[in-house]
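Novice: Here you go, one structure.
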Amino acid sequence: MTAKRDLQGAIGQFENGMRLVGSALMKLDAGETTTQPWRLPVGNDEHPSSGWYVYTRHDLTGRRNSHINNYAHTGIDLNGDWRNPETGEFRGNVDIGQPVFAVADGEIVSVGFSDRFRGGVVLKVDHFGVPLYVRYWHIGFPAGHNWFTVGETVEVGQQLGAIDEYPNGYAHLHFDMAWQPFKAHWWFTKHKEIEWANPVYILKTHCQPLEVDAMVEKSN
Ligand SMILES: [Zn+2]
């Protein structure tokens, strides 16, 4: 009788497990049909993704930025990869004024500005049912639009701003992601409590992975 009870217990557990698997699969199916493709944060018809490269990379997933003195960096820096037709300058500041875009539908959850780092916004987006906080930094106001306010919703592809001058070096878009909402003091990095995500990995999940790889390869 004990053996039979054990067997019935095991069957019960198995059925429970199958129910959990079934509901997880249903959620996955629902997610797949409702998750829109994202777009890259930079790039348009004039300068598509092939005209951009990732210079500074995320260093919290085992990859230090050894080519720039091992300094800690969250996220990635995106730079223009073309020559300025007026000045002849290659790379450098060619991307000043280039638009930056919402990678996905989302909500503006933080806005910041400083003379040193210029403007920034944080966009809360959905990553397969999990909230993800995406920060754009060193940008200026979008033309014809006042600075975004917290709580405003934006659509994938909507312009969030334009790459601004960067007083400490060449202009670029700093782009990073965290799993928790940004707090005001997070604007200045190296806060250990922040759980950063690797934007290269996330972008490859939602956009064309080969395009993302090509932008990263150019910095090697
Ligand atoms: Zn950066």
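By order in the structure tokens, chains are A, B, ...; within a chain, residues start at 1; ligands start at 1, following the order shown.
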What are the closest atom pairs, with distances in Å to one decimal, for each residue of chain A lying within 7 Å of ligand 1, using only C-alpha atoms and all ligand atoms, rows by chain and rising residue number, as a Markdown table?

Specialist:
| residue | atom | partner | partner_atom_place_in_ligand_line | distance |
| --- | --- | --- | --- | --- |
| A:Thr56 | CA | ligand 1 | 1 (Zn) | 6.3 |
| A:His73 | CA | ligand 1 | 1 (Zn) | 6.4 |
| A:Thr74 | CA | ligand 1 | 1 (Zn) | 6.8 |
| A:Gly75 | CA | ligand 1 | 1 (Zn) | 6.6 |
| A:Ile76 | CA | ligand 1 | 1 (Zn) | 5.7 |
| A:Asp77 | CA | ligand 1 | 1 (Zn) | 4.7 |
| A:His174 | CA | ligand 1 | 1 (Zn) | 4.2 |
| A:Phe175 | CA | ligand 1 | 1 (Zn) | 6.7 |

Novice: Need the shell around stretch 130-145 of chain A: protein/DNA/RNA residues with any atom at most 10 Å away, counting only C-alpha atoms. Skip same-chain ones fewer than 5 positions apart. Format as a PyMOL selection string?

Specialist: chain A and resi 41+75+77+96-104+106-125+159-167+171-182+187+196-197+199+202

Novice: Could you work out how far atom CA of A:Tyr201 lies from atom CA of A:Asp95, giving the answer in Å with one decimal?

Specialist: 23.8 Å

Novice: Identify, with DSSP run on backbone atoms, the residues in stretch 139-207 of chain A assigned to alpha helix (DSSP H), and express the list as a ChimeraX atom specification.

Specialist: /A:199-206

Novice: Keeping N, CA and C atoms for every residue in the selection just given, could you write it to a file as a compact mmCIF listing (two decimals), in the first residue's frame?

Specialist:
# COMPACT_ATOMS: atom_id res chain seq x y z
N PRO A 199 23.81 45.78 -22.99
CA PRO A 199 22.98 46.19 -24.13
C PRO A 199 23.28 45.42 -25.41
N VAL A 200 24.51 44.96 -25.57
CA VAL A 200 24.83 44.21 -26.79
C VAL A 200 23.97 42.95 -26.84
N TYR A 201 23.94 42.25 -25.73
CA TYR A 201 23.15 41.02 -25.65
C TYR A 201 21.65 41.32 -25.84
N ILE A 202 21.15 42.35 -25.15
CA ILE A 202 19.72 42.67 -25.23
C ILE A 202 19.35 43.10 -26.65
N LEU A 203 20.17 43.95 -27.26
CA LEU A 203 19.86 44.41 -28.62
C LEU A 203 19.89 43.25 -29.61
N LYS A 204 20.84 42.32 -29.40
CA LYS A 204 20.90 41.17 -30.30
C LYS A 204 19.65 40.30 -30.18
N THR A 205 19.05 40.29 -28.98
CA THR A 205 17.83 39.51 -28.76
C THR A 205 16.63 40.10 -29.51
N HIS A 206 16.58 41.45 -29.58
CA HIS A 206 15.38 42.11 -30.11
C HIS A 206 15.56 42.67 -31.52

Novice: So the first atom is atom CA of A:Ser219 and the second is atom CA of A:Tyr55; what is the distance between them in Å, to one decimal place?

Specialist: 5.1 Å

Novice: In Å, how far is it from atom CA of A:His58 to atom CA of A:Asn198?

Specialist: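 Between atom CA of A:His58 and atom CA of A:Asn198 the gap is 6.2 Å.
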
Novice: Counting only C-alpha atoms, which of A:Ile194, A:Asp105, A:Gly51, A:Asp81 gets nearest to A:Thr153?

Specialist: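 Of all the options, A:Asp105 lies closest to A:Thr153.
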
Novice: Using only C-alpha atoms, which residue out of A:Ser50, A:Arg83, A:Gly151, A:Phe128 lies closest to A:Glu217?

Specialist: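 Of all the options, A:Ser50 lies closest to A:Glu217.
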